[in-house]
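Asker: I'm passing along my_file16.tsv; it holds TSV, C-alpha atoms and all ligand atoms.
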chain	number	residue	atom	x	y	z
F	2	MET	CA	0.58	-124.63	65.82
F	3	LYS	CA	-1.66	-127.50	64.78
F	4	GLU	CA	-3.93	-129.90	66.62
F	5	ALA	CA	-1.82	-132.90	67.49
F	6	SER	CA	-2.32	-136.39	66.17
F	7	PHE	CA	-2.38	-139.34	68.56
F	8	TYR	CA	-4.00	-138.29	71.82
F	9	ILE	CA	-7.09	-139.13	73.84
F	10	ALA	CA	-9.10	-137.28	76.48
F	11	GLU	CA	-8.99	-138.64	80.03
F	12	ASN	CA	-10.65	-137.45	83.26
F	13	ASN	CA	-10.67	-133.86	84.60
F	14	GLY	CA	-9.78	-132.21	81.30
F	15	LYS	CA	-6.48	-134.09	81.07
F	16	LEU	CA	-5.19	-135.43	77.77
F	17	ARG	CA	-3.06	-138.49	77.16
F	18	CYS	CA	-0.51	-138.03	74.38
F	19	LEU	CA	0.11	-141.30	72.56
F	20	LEU	CA	2.88	-140.18	70.25
F	21	CYS	CA	5.84	-141.52	72.18
F	22	PRO	CA	6.46	-143.96	75.04
F	23	GLN	CA	6.37	-141.19	77.64
F	24	ASN	CA	2.57	-141.28	77.05
F	25	CYS	CA	2.25	-138.03	79.02
F	26	LEU	CA	-0.93	-137.20	80.90
F	27	ILE	CA	-1.23	-133.46	80.30
F	28	SER	CA	-3.32	-131.03	82.37
F	29	GLU	CA	-4.84	-127.88	80.89
F	30	ASN	CA	-2.25	-125.23	79.90
F	31	LYS	CA	0.58	-127.67	80.46
F	32	THR	CA	2.92	-129.38	78.04
F	33	GLY	CA	4.23	-132.93	78.07
F	34	VAL	CA	7.82	-133.93	78.80
F	35	CYS	CA	8.93	-132.69	75.36
F	36	GLY	CA	7.76	-129.14	76.14
F	37	VAL	CA	6.15	-128.66	72.73
F	38	ARG	CA	2.76	-130.38	72.93
F	39	GLU	CA	0.24	-128.44	75.02
F	40	ASN	CA	-3.27	-129.01	76.32
F	41	ILE	CA	-5.20	-125.87	75.31
F	42	ASP	CA	-8.94	-125.84	76.03
F	43	GLY	CA	-9.15	-129.62	75.99
F	44	LYS	CA	-7.26	-130.14	72.75
F	45	LEU	CA	-3.64	-131.13	72.33
F	46	TYR	CA	-1.60	-128.86	70.09
F	47	ALA	CA	1.77	-129.32	68.43
F	48	LEU	CA	3.33	-125.93	69.25
F	49	THR	CA	6.24	-126.12	66.81
F	50	TYR	CA	4.21	-126.95	63.72
F	51	LEU	CA	5.67	-124.81	60.86
F	52	LYS	CA	8.29	-123.50	63.34
F	53	PRO	CA	11.80	-124.59	62.48
F	54	VAL	CA	14.68	-123.10	64.45
F	55	ALA	CA	17.15	-124.30	61.87
F	56	ILE	CA	17.11	-125.06	58.15
F	57	HIS	CA	20.65	-125.80	57.06
F	58	LEU	CA	22.35	-127.48	54.16
F	59	ASP	CA	24.65	-130.25	55.41
F	60	PRO	CA	26.72	-132.99	53.84
F	61	ILE	CA	24.64	-136.18	54.11
F	62	GLU	CA	27.57	-137.81	55.95
F	63	LYS	CA	27.00	-135.37	58.81
F	64	LYS	CA	23.66	-136.96	59.78
F	65	PRO	CA	25.57	-139.43	59.93
F	66	LEU	CA	24.63	-141.52	56.89
F	67	TYR	CA	27.56	-143.11	55.07
F	68	HIS	CA	25.78	-145.65	52.88
F	69	PHE	CA	22.90	-143.51	51.62
F	70	HIS	CA	23.76	-141.33	48.61
F	71	PRO	CA	27.28	-140.38	49.78
F	72	GLY	CA	28.59	-137.04	48.58
F	73	GLU	CA	25.14	-135.44	48.42
F	74	VAL	CA	23.95	-132.44	50.43
F	75	ILE	CA	20.77	-132.59	52.49
F	76	LEU	CA	18.42	-129.82	53.61
F	77	SER	CA	18.20	-130.33	57.36
F	78	VAL	CA	15.23	-129.14	59.40
F	79	GLY	CA	14.85	-129.02	63.18
F	80	THR	CA	12.63	-127.35	65.76
F	81	LEU	CA	12.53	-127.43	69.58
F	82	GLY	CA	12.00	-130.13	72.19
F	83	CYS	CA	12.85	-133.72	72.97
F	84	ASN	CA	11.09	-136.64	74.60
F	85	LEU	CA	14.28	-137.72	76.44
F	86	ASP	CA	16.44	-135.75	78.85
F	87	CYS	CA	19.90	-137.14	78.24
F	88	LYS	CA	22.31	-135.68	80.75
F	89	PHE	CA	25.04	-135.51	78.09
F	90	CYS	CA	22.87	-133.84	75.39
F	91	GLN	CA	24.92	-131.91	72.85
F	92	ASN	CA	21.90	-129.97	71.56
F	93	HIS	CA	20.38	-128.97	74.89
F	94	SER	CA	19.83	-125.33	73.88
F	95	ILE	CA	17.11	-126.49	71.48
F	96	SER	CA	16.13	-129.81	73.08
F	97	GLN	CA	15.84	-128.85	76.77
F	98	ASP	CA	16.70	-125.28	77.75
F	99	PHE	CA	13.99	-123.36	75.96
F	100	ASP	CA	10.60	-121.78	76.37
F	101	VAL	CA	8.68	-122.20	73.16
F	102	SER	CA	6.68	-118.98	73.63
F	103	SER	CA	9.76	-116.75	74.03
F	104	PHE	CA	12.39	-118.58	71.99
F	105	GLN	CA	14.16	-116.22	69.62
F	106	GLY	CA	14.85	-117.59	66.20
F	107	LEU	CA	11.73	-119.59	65.43
F	108	LYS	CA	10.90	-119.08	61.78
F	109	GLU	CA	7.59	-119.71	60.05
F	110	VAL	CA	8.07	-122.08	57.12
F	111	SER	CA	5.27	-124.15	55.64
F	112	PRO	CA	5.82	-127.63	54.18
F	113	GLU	CA	5.25	-126.05	50.76
F	114	GLY	CA	7.95	-123.49	51.63
F	115	ILE	CA	10.45	-126.28	52.29
F	116	LEU	CA	9.48	-127.93	49.02
F	117	ASP	CA	9.91	-124.63	47.16
F	118	LEU	CA	13.41	-124.27	48.63
F	119	CYS	CA	14.27	-127.74	47.35
F	120	LYS	CA	12.87	-127.05	43.89
F	121	GLN	CA	14.56	-123.62	43.59
F	122	HIS	CA	17.98	-124.98	44.49
F	123	GLY	CA	17.67	-128.51	43.17
F	124	TYR	CA	18.01	-130.16	46.60
F	125	LYS	CA	17.11	-133.85	46.43
F	126	PHE	CA	17.19	-134.74	50.14
F	127	VAL	CA	15.51	-133.45	53.30
F	128	ALA	CA	16.42	-134.51	56.86
F	129	PHE	CA	14.43	-134.13	60.06
F	130	THR	CA	17.14	-133.68	62.62
F	131	TYR	CA	18.90	-131.42	65.22
F	132	ASN	CA	16.19	-132.03	67.85
F	133	GLU	CA	14.05	-135.19	68.15
F	134	PRO	CA	11.72	-135.18	65.12
F	135	SER	CA	9.10	-137.43	66.77
F	136	VAL	CA	8.01	-134.42	68.82
F	137	PHE	CA	7.26	-132.43	65.64
F	138	PHE	CA	5.54	-135.40	64.06
F	139	GLU	CA	2.83	-133.46	62.18
F	140	TYR	CA	5.31	-131.04	60.56
F	141	MET	CA	7.67	-133.86	59.61
F	142	PHE	CA	4.79	-135.92	58.20
F	143	ASP	CA	3.37	-133.09	56.08
F	144	VAL	CA	6.83	-132.23	54.67
F	145	ALA	CA	7.60	-135.90	54.01
F	146	VAL	CA	4.33	-136.47	52.13
F	147	LEU	CA	5.04	-133.49	49.85
F	148	CYS	CA	8.63	-134.63	49.31
F	149	ARG	CA	7.51	-138.12	48.34
F	150	ALA	CA	5.17	-136.71	45.68
F	151	GLU	CA	8.09	-134.74	44.17
F	152	GLY	CA	10.66	-137.56	44.33
F	153	ILE	CA	12.69	-135.87	47.10
F	154	LYS	CA	14.10	-138.39	49.57
F	155	THR	CA	13.68	-137.91	53.32
F	156	VAL	CA	15.74	-138.90	56.34
F	157	MET	CA	14.75	-139.12	60.00
F	158	VAL	CA	17.53	-138.76	62.58
F	159	SER	CA	15.94	-139.95	65.79
F	160	ASN	CA	16.31	-141.53	69.21
F	161	GLY	CA	13.67	-144.06	68.09
F	162	GLN	CA	11.29	-143.02	70.87
F	163	ILE	CA	8.08	-143.09	68.87
F	164	ASN	CA	5.07	-145.34	69.43
F	165	GLU	CA	4.27	-147.97	66.85
F	166	GLU	CA	1.08	-146.45	65.41
F	167	PRO	CA	2.64	-143.08	64.46
F	168	LEU	CA	5.77	-144.82	63.19
F	169	LEU	CA	3.68	-147.02	60.91
F	170	MET	CA	1.83	-143.97	59.59
F	171	LEU	CA	5.13	-142.24	58.84
F	172	ILE	CA	7.43	-145.00	57.67
F	173	ASP	CA	6.29	-145.20	54.04
F	174	TYR	CA	7.26	-141.55	53.56
F	175	ILE	CA	10.77	-141.78	55.05
F	176	ASP	CA	13.57	-143.22	52.93
F	177	ALA	CA	16.36	-143.57	55.48
F	178	PHE	CA	16.85	-143.48	59.22
F	179	ASN	CA	19.70	-142.86	61.59
F	180	ILE	CA	18.67	-144.13	65.01
F	181	ASP	CA	20.59	-143.41	68.21
F	182	LEU	CA	21.04	-146.54	70.28
F	183	LYS	CA	22.54	-144.99	73.38
F	184	SER	CA	23.37	-148.14	75.31
F	185	PHE	CA	22.08	-151.69	75.59
F	186	ASN	CA	21.41	-151.26	79.29
F	187	PRO	CA	17.80	-150.41	80.26
F	188	ASP	CA	19.07	-148.67	83.40
F	189	PHE	CA	21.15	-146.26	81.31
F	190	TYR	CA	18.04	-145.26	79.35
F	191	LYS	CA	16.10	-144.82	82.57
F	192	LYS	CA	18.63	-143.02	84.77
F	193	ILE	CA	20.72	-141.05	82.25
F	194	CYS	CA	18.13	-140.39	79.54
F	195	GLY	CA	14.76	-140.46	81.30
F	196	GLY	CA	13.31	-143.04	78.93
F	197	GLU	CA	13.24	-146.74	78.10
F	198	ILE	CA	15.11	-148.82	75.60
F	199	GLU	CA	12.40	-151.18	74.36
F	200	THR	CA	10.68	-148.66	72.09
F	201	THR	CA	13.96	-147.76	70.41
F	202	LYS	CA	14.61	-151.46	69.75
F	203	GLN	CA	11.07	-151.89	68.44
F	204	THR	CA	11.58	-148.89	66.11
F	205	ILE	CA	14.83	-150.38	64.77
F	206	GLU	CA	13.06	-153.70	64.15
F	207	THR	CA	10.15	-152.02	62.36
F	208	ILE	CA	12.56	-150.10	60.11
F	209	VAL	CA	14.39	-153.32	59.22
F	210	LYS	CA	11.09	-155.12	58.59
F	211	HIS	CA	10.06	-152.37	56.17
F	212	ASN	CA	13.37	-152.63	54.28
F	213	LYS	CA	14.24	-149.00	54.89
F	214	HIS	CA	17.83	-147.83	54.90
F	215	LEU	CA	19.08	-147.84	58.50
F	216	GLU	CA	22.24	-146.62	60.17
F	217	VAL	CA	22.67	-146.68	63.95
F	218	THR	CA	24.74	-144.32	66.08
F	219	MET	CA	26.18	-144.97	69.51
F	220	LEU	CA	27.89	-142.18	71.44
F	221	LEU	CA	30.48	-143.95	73.56
F	222	ILE	CA	30.90	-142.32	76.99
F	223	LYS	CA	33.73	-143.48	79.20
F	224	GLY	CA	32.43	-144.77	82.53
F	225	ALA	CA	28.76	-144.53	81.48
F	226	ASN	CA	27.98	-146.89	78.60
F	227	ASP	CA	31.35	-148.55	78.01
F	228	ASN	CA	30.57	-152.00	79.39
F	229	LYS	CA	32.05	-154.29	76.76
F	230	GLU	CA	29.67	-157.22	77.38
F	231	GLU	CA	26.64	-154.99	77.02
F	232	PHE	CA	28.11	-153.55	73.86
F	233	GLU	CA	28.75	-157.03	72.51
F	234	ASP	CA	25.09	-157.89	73.19
F	235	MET	CA	24.12	-154.76	71.24
F	236	CYS	CA	26.25	-155.81	68.27
F	237	LYS	CA	24.84	-159.34	68.39
F	238	TYR	CA	21.34	-157.89	68.44
F	239	LEU	CA	21.95	-155.63	65.43
F	240	SER	CA	23.69	-158.42	63.58
F	241	SER	CA	20.76	-160.78	64.23
F	242	LEU	CA	18.53	-158.26	62.43
F	243	ASP	CA	20.95	-157.59	59.56
F	244	LYS	CA	24.75	-157.81	59.47
F	245	ASN	CA	24.76	-154.91	56.99
F	246	ILE	CA	23.27	-152.37	59.43
F	247	VAL	CA	25.82	-149.55	59.52
F	248	LEU	CA	27.07	-148.70	63.02
F	249	HIS	CA	28.65	-145.32	63.87
F	250	LEU	CA	30.69	-145.29	67.05
F	251	SER	CA	31.14	-141.70	68.13
F	252	ARG	CA	33.51	-140.11	70.61
F	253	ALA	CA	31.73	-138.11	73.31
F	254	PHE	CA	32.71	-134.69	74.62
F	255	PRO	CA	31.34	-133.50	77.99
F	256	ASP	CA	28.25	-131.33	77.68
F	257	TYR	CA	25.09	-130.27	79.51
F	258	LYS	CA	24.80	-131.91	82.98
F	259	MET	CA	27.44	-134.61	82.72
F	260	GLU	CA	31.16	-134.55	83.39
F	261	PHE	CA	33.35	-137.26	81.88
F	262	GLU	CA	36.65	-137.74	80.13
F	263	ILE	CA	36.58	-137.25	76.36
F	264	THR	CA	36.30	-140.76	74.93
F	265	PRO	CA	39.87	-142.04	74.57
F	266	ILE	CA	40.74	-143.12	71.02
F	267	LYS	CA	41.96	-146.42	72.48
F	268	LEU	CA	38.47	-147.12	73.83
F	269	ILE	CA	36.84	-146.30	70.49
F	270	ASN	CA	39.32	-148.60	68.74
F	271	SER	CA	38.63	-151.52	71.05
F	272	PHE	CA	34.84	-151.10	70.66
F	273	TYR	CA	35.33	-150.81	66.91
F	274	ASP	CA	37.21	-154.14	66.88
F	275	LYS	CA	34.45	-155.79	68.90
F	276	ALA	CA	31.70	-154.45	66.60
F	277	LYS	CA	33.55	-155.67	63.51
F	278	GLN	CA	33.24	-159.24	64.80
F	279	TYR	CA	29.49	-158.98	64.23
F	280	LEU	CA	28.77	-156.21	61.71
F	281	ASN	CA	30.08	-155.58	58.20
F	282	PHE	CA	30.13	-151.78	58.38
F	283	VAL	CA	31.41	-149.94	61.45
F	284	TYR	CA	32.71	-146.36	61.48
F	285	LYS	CA	34.42	-144.23	64.10
F	286	GLY	CA	33.03	-140.71	64.46
F	287	ASN	CA	34.08	-137.38	66.06
F	288	ILE	CA	37.73	-138.31	65.77
F	301	LIG	S1	5.45	-136.49	72.34
F	301	LIG	FE1	5.81	-135.14	74.10
F	301	LIG	S2	3.80	-134.89	75.05
F	301	LIG	FE2	3.66	-136.66	73.69
F	301	LIG	S3	4.06	-138.42	74.99
F	301	LIG	FE3	6.01	-137.82	74.05
F	301	LIG	S4	6.98	-136.41	75.51
F	301	LIG	FE4	4.82	-136.60	76.10
Could I get this file's structure written as structure tokens?

Answerer:
Amino acid sequence: MKEASFYIAENNGKLRCLLCPQNCLISENKTGVCGVRENIDGKLYALTYLKPVAIHLDPIEKKPLYHFHPGEVILSVGTLGCNLDCKFCQNHSISQDFDVSSFQGLKEVSPEGILDLCKQHGYKFVAFTYNEPSVFFEYMFDVAVLCRAEGIKTVMVSNGQINEEPLLMLIDYIDAFNIDLKSFNPDFYKKICGGEIETTKQTIETIVKHNKHLEVTMLLIKGANDNKEEFEDMCKYLSSLDKNIVLHLSRAFPDYKMEFEITPIKLINSFYDKAKQYLNFVYKGNI
């Protein structure tokens, strides 16, 4: 573990984490919403620093990134925890249902260790993915800085729930982003995901402003985020930033706490047609 960046002390020994828009107020011996940042003796610690649960080699298209070095493989690193609680989460065993102190399978791998792996095998890309990388900010940052110095490109696969100050500290060291835009309805973010949409939009805008490669993913869930007008507003929004933003429309399969029909292909096709009216590059996923 490592002392966390981005927090302040408040009254009665409580700490305010400023890493993401949850801005948790954390009492002694408690963690924030993400479950991996704990107040220990008046200091906030990132519990999963150096603690990946997974280091896998994936095709870069699996992130998904279709317009960023297609055909390459990418070393993908993830830990535990998430700052949202999406009721349809497909990675809930590592994002929600865990206890960091007893979780089996946490490895100890330093940033230098990840770099050595890349050098040994000639890997040219590293992704921060599987769980939400914002909640392992310090680990991601240290790996990304080392990668930059060695010419290895980095990718952040994120829900975009990161406050502006940490994002600005990180952004120069990340080459490409895939950001989940789960809906264009603030109520969906609030009720289904336990978060808010504005920070994700702000993150997308900051990435565009910094000319970083950006692809956006939307998991289309029948009966939950399939309002066509809202989706059209989302496409207009993305197109107003850059018509070349790549949009991945993914079919959803029921998981975790939410029951729904597997996204019908017909629905994906009609959303695809709508998106193509506004964006140059739209792909269907999980088909
Ligand atoms: S990173 Fe975790 S502890 Fe910090 S504000 Fe977000 S959810 Fe809360």

Asker: Collect all residues with atoms no farther than 8 Å from ligand LIG 301 (chain F), counting only C-alpha atoms and all ligand atoms, and output them as a list in words.

Answerer: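 Those within range of ligand LIG 301 (chain F) are Arg17, Cys18, Leu19, Leu20, Cys21, Pro22, Gln23, Asn24, Cys25, Leu26, Ile27, Thr32, Gly33, Val34, Cys35, Gly36, Val37, Arg38, Glu39, Cys83, Asn84, Leu85, Ser135, Val136 and Ile163 of chain F.
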
Asker: Select, counting all atoms listed in the file, all protein, DNA and RNA residues no farther than 7 Å from (17.1, -147.6, 76.2) in file coordinates, and express the selection as a PyMOL selection string.

Answerer: chain F and resi 183-187+189-190+196-199+201

Asker: For the selection you just gave me, I'd like the residues written to a file as a compact mmCIF listing (two decimals), keeping the file's coordinate frame, keeping C-alpha atoms.

Answerer:
# COMPACT_ATOMS: atom_id res chain seq x y z
CA LYS F 183 22.54 -144.99 73.38
CA SER F 184 23.37 -148.14 75.31
CA PHE F 185 22.08 -151.69 75.59
CA ASN F 186 21.41 -151.26 79.29
CA PRO F 187 17.80 -150.41 80.26
CA PHE F 189 21.15 -146.26 81.31
CA TYR F 190 18.04 -145.26 79.35
CA GLY F 196 13.31 -143.04 78.93
CA GLU F 197 13.24 -146.74 78.10
CA ILE F 198 15.11 -148.82 75.60
CA GLU F 199 12.40 -151.18 74.36
CA THR F 201 13.96 -147.76 70.41

Asker: Please list, as a ChimeraX atom specification, the residues that have an atom at most 8 Å away from (33.1, -134.6, 73.0) in the coordinates of this file, counting all atoms listed in the file.

Answerer: /F:252-256,263-264,287

Asker: Which residues are near Lys267 of chain F? Cut-off 12 Å, all atoms listed in the file, ignore same chain within fewer than 4 positions. Put them as number ranges by chain.

Answerer: F: 221, 223, 252, 263, 271-274, 285, 288

Asker: Nearest to His68 of chain F among F:Lys108, F:Lys202, F:His249, F:His122, with distances taken over only C-alpha atoms: which residue is it?

Answerer: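 The closest residue to His68 of chain F is F:His249.
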
Asker: Need the shell around segment 150-161 of chain F: protein/DNA/RNA residues with any atom at most 8 Å away, counting only C-alpha atoms. Skip same-chain ones fewer than 2 positions apart. Format as an MDAnalysis selection string?

Answerer: chainID F and resid 64 124:131 133:135 145:148 163 174:182 200:202 204:205

Asker: Considering only C-alpha atoms, can you say which of F:Glu113, F:Asp188, F:Glu166, F:Asp227 comes closest to Tyr8 of chain F?

Answerer: F:Glu166

Asker: Fewer than 4 positions away in the same chain doesn't count, so skip those; otherwise give me all residues within 10 Å of Ser28 of chain F, counting all atoms listed in the file, as a count of residues only.

Answerer: 14

Asker: Counting all atoms listed in the file, what is within 12 Å of Lys88 of chain F, bar same-chain residues fewer than 3 positions away, as a list of chain:residue names?

Answerer: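 These residues fall inside the cut-off: F:Leu85, F:Gln91, F:Asn92, F:His93, F:Ser96, F:Gln97, F:Lys183, F:Phe189, F:Tyr190, F:Lys191, F:Lys192, F:Ile193, F:Cys194, F:Gly195, F:Gly196, F:Ile222, F:Ala225, F:Pro255, F:Asp256, F:Tyr257, F:Lys258, F:Met259, F:Glu260, F:Phe261.
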
Asker: Please, could you write that set of residues out with C-alpha atoms as a compact mmCIF listing (two decimals), in the frame of the given file?

Answerer:
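The new file again35.txt reads:
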# COMPACT_ATOMS: atom_id res chain seq x y z
CA LEU F 85 14.28 -137.72 76.44
CA GLN F 91 24.92 -131.91 72.85
CA ASN F 92 21.90 -129.97 71.56
CA HIS F 93 20.38 -128.97 74.89
CA SER F 96 16.13 -129.81 73.08
CA GLN F 97 15.84 -128.85 76.77
CA LYS F 183 22.54 -144.99 73.38
CA PHE F 189 21.15 -146.26 81.31
CA TYR F 190 18.04 -145.26 79.35
CA LYS F 191 16.10 -144.82 82.57
CA LYS F 192 18.63 -143.02 84.77
CA ILE F 193 20.72 -141.05 82.25
CA CYS F 194 18.13 -140.39 79.54
CA GLY F 195 14.76 -140.46 81.30
CA GLY F 196 13.31 -143.04 78.93
CA ILE F 222 30.90 -142.32 76.99
CA ALA F 225 28.76 -144.53 81.48
CA PRO F 255 31.34 -133.50 77.99
CA ASP F 256 28.25 -131.33 77.68
CA TYR F 257 25.09 -130.27 79.51
CA LYS F 258 24.80 -131.91 82.98
CA MET F 259 27.44 -134.61 82.72
CA GLU F 260 31.16 -134.55 83.39
CA PHE F 261 33.35 -137.26 81.88

Asker: Any idea what the distance is between atom CA of Ala10 of chain F and atom CA of Lys44 of chain F?

Answerer: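 For atom CA of Ala10 of chain F relative to atom CA of Lys44 of chain F, the distance reads 8.3 Å.
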
Asker: Report, in Å to a single decimal, how far apart atom CA of Ile61 of chain F and atom CA of Pro112 of chain F are.

Answerer: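 Between these atoms lies a distance of 20.7 Å.
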
Asker: In Å, how far is it from atom CA of Tyr50 of chain F to atom CA of Met2 of chain F?

Answerer: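 Atom-to-atom, atom CA of Tyr50 of chain F and atom CA of Met2 of chain F are spaced 4.8 Å apart.
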
Asker: Which one is closest to Val209 of chain F: F:Met141, F:Ile246, F:Met235, F:Ile95? Count all atoms listed in the file.

Answerer: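 Of F:Met141, F:Ile246, F:Met235, F:Ile95, the one nearest Val209 of chain F is F:Ile246, counting all atoms listed in the file.
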
Asker: Could you pull the residues within 7 Å of Leu51 of chain F, counting all atoms listed in the file, minus those fewer than 3 positions along the same chain, as an MDAnalysis selection string?

Answerer: chainID F and resid 109:111 140

Asker: Have segment 54-76 of chain F completed to N, CA and C atoms, please, and pass it along as a PDB file, in the frame of the given file.

Answerer:
ATOM      1  N   VAL F  54      13.653-124.020  63.933  1.00  0.00           N
ATOM      2  CA  VAL F  54      14.680-123.100  64.450  1.00  0.00           C
ATOM      3  C   VAL F  54      15.903-123.153  63.564  1.00  0.00           C
ATOM      4  N   ALA F  55      15.987-124.188  62.752  1.00  0.00           N
ATOM      5  CA  ALA F  55      17.150-124.300  61.870  1.00  0.00           C
ATOM      6  C   ALA F  55      16.749-124.986  60.582  1.00  0.00           C
ATOM      7  N   ILE F  56      17.184-124.395  59.455  1.00  0.00           N
ATOM      8  CA  ILE F  56      17.110-125.060  58.150  1.00  0.00           C
ATOM      9  C   ILE F  56      18.483-124.866  57.531  1.00  0.00           C
ATOM     10  N   HIS F  57      19.275-125.905  57.548  1.00  0.00           N
ATOM     11  CA  HIS F  57      20.650-125.800  57.060  1.00  0.00           C
ATOM     12  C   HIS F  57      20.898-126.828  55.969  1.00  0.00           C
ATOM     13  N   LEU F  58      21.898-126.509  55.156  1.00  0.00           N
ATOM     14  CA  LEU F  58      22.350-127.480  54.160  1.00  0.00           C
ATOM     15  C   LEU F  58      23.587-128.176  54.723  1.00  0.00           C
ATOM     16  N   ASP F  59      23.528-129.477  54.842  1.00  0.00           N
ATOM     17  CA  ASP F  59      24.650-130.250  55.410  1.00  0.00           C
ATOM     18  C   ASP F  59      25.094-131.315  54.426  1.00  0.00           C
ATOM     19  N   PRO F  60      26.349-131.758  54.550  1.00  0.00           N
ATOM     20  CA  PRO F  60      26.720-132.990  53.840  1.00  0.00           C
ATOM     21  C   PRO F  60      25.910-134.143  54.435  1.00  0.00           C
ATOM     22  N   ILE F  61      25.472-135.074  53.613  1.00  0.00           N
ATOM     23  CA  ILE F  61      24.640-136.180  54.110  1.00  0.00           C
ATOM     24  C   ILE F  61      25.409-137.022  55.135  1.00  0.00           C
ATOM     25  N   GLU F  62      26.743-137.032  55.014  1.00  0.00           N
ATOM     26  CA  GLU F  62      27.570-137.810  55.950  1.00  0.00           C
ATOM     27  C   GLU F  62      27.485-137.251  57.368  1.00  0.00           C
ATOM     28  N   LYS F  63      27.040-135.992  57.487  1.00  0.00           N
ATOM     29  CA  LYS F  63      27.000-135.370  58.810  1.00  0.00           C
ATOM     30  C   LYS F  63      25.817-135.859  59.658  1.00  0.00           C
ATOM     31  N   LYS F  64      24.880-136.590  59.030  1.00  0.00           N
ATOM     32  CA  LYS F  64      23.660-136.960  59.780  1.00  0.00           C
ATOM     33  C   LYS F  64      23.867-137.908  60.947  1.00  0.00           C
ATOM     34  N   PRO F  65      24.729-138.930  61.005  1.00  0.00           N
ATOM     35  CA  PRO F  65      25.570-139.430  59.930  1.00  0.00           C
ATOM     36  C   PRO F  65      24.881-140.531  59.127  1.00  0.00           C
ATOM     37  N   LEU F  66      25.029-140.426  57.802  1.00  0.00           N
ATOM     38  CA  LEU F  66      24.630-141.520  56.890  1.00  0.00           C
ATOM     39  C   LEU F  66      25.787-141.703  55.920  1.00  0.00           C
ATOM     40  N   TYR F  67      26.401-142.861  55.932  1.00  0.00           N
ATOM     41  CA  TYR F  67      27.560-143.110  55.070  1.00  0.00           C
ATOM     42  C   TYR F  67      27.221-143.987  53.869  1.00  0.00           C
ATOM     43  N   HIS F  68      26.105-144.704  53.956  1.00  0.00           N
ATOM     44  CA  HIS F  68      25.780-145.650  52.880  1.00  0.00           C
ATOM     45  C   HIS F  68      24.506-145.244  52.156  1.00  0.00           C
ATOM     46  N   PHE F  69      24.129-143.997  52.262  1.00  0.00           N
ATOM     47  CA  PHE F  69      22.900-143.510  51.620  1.00  0.00           C
ATOM     48  C   PHE F  69      23.267-142.262  50.816  1.00  0.00           C
ATOM     49  N   HIS F  70      23.416-142.436  49.512  1.00  0.00           N
ATOM     50  CA  HIS F  70      23.760-141.330  48.610  1.00  0.00           C
ATOM     51  C   HIS F  70      24.960-140.500  49.089  1.00  0.00           C
ATOM     52  N   PRO F  71      26.109-141.136  49.315  1.00  0.00           N
ATOM     53  CA  PRO F  71      27.280-140.380  49.780  1.00  0.00           C
ATOM     54  C   PRO F  71      27.658-139.272  48.811  1.00  0.00           C
ATOM     55  N   GLY F  72      28.151-138.176  49.393  1.00  0.00           N
ATOM     56  CA  GLY F  72      28.590-137.040  48.580  1.00  0.00           C
ATOM     57  C   GLY F  72      27.492-136.026  48.314  1.00  0.00           C
ATOM     58  N   GLU F  73      26.252-136.367  48.660  1.00  0.00           N
ATOM     59  CA  GLU F  73      25.140-135.440  48.420  1.00  0.00           C
ATOM     60  C   GLU F  73      25.019-134.443  49.578  1.00  0.00           C
ATOM     61  N   VAL F  74      24.301-133.347  49.339  1.00  0.00           N
ATOM     62  CA  VAL F  74      23.950-132.440  50.430  1.00  0.00           C
ATOM     63  C   VAL F  74      22.487-132.672  50.798  1.00  0.00           C
ATOM     64  N   ILE F  75      22.136-132.325  52.020  1.00  0.00           N
ATOM     65  CA  ILE F  75      20.770-132.590  52.490  1.00  0.00           C
ATOM     66  C   ILE F  75      20.252-131.369  53.256  1.00  0.00           C
ATOM     67  N   LEU F  76      19.050-130.946  52.907  1.00  0.00           N
ATOM     68  CA  LEU F  76      18.420-129.820  53.610  1.00  0.00           C
ATOM     69  C   LEU F  76      17.926-130.350  54.960  1.00  0.00           C
TER      70      LEU F  76
END
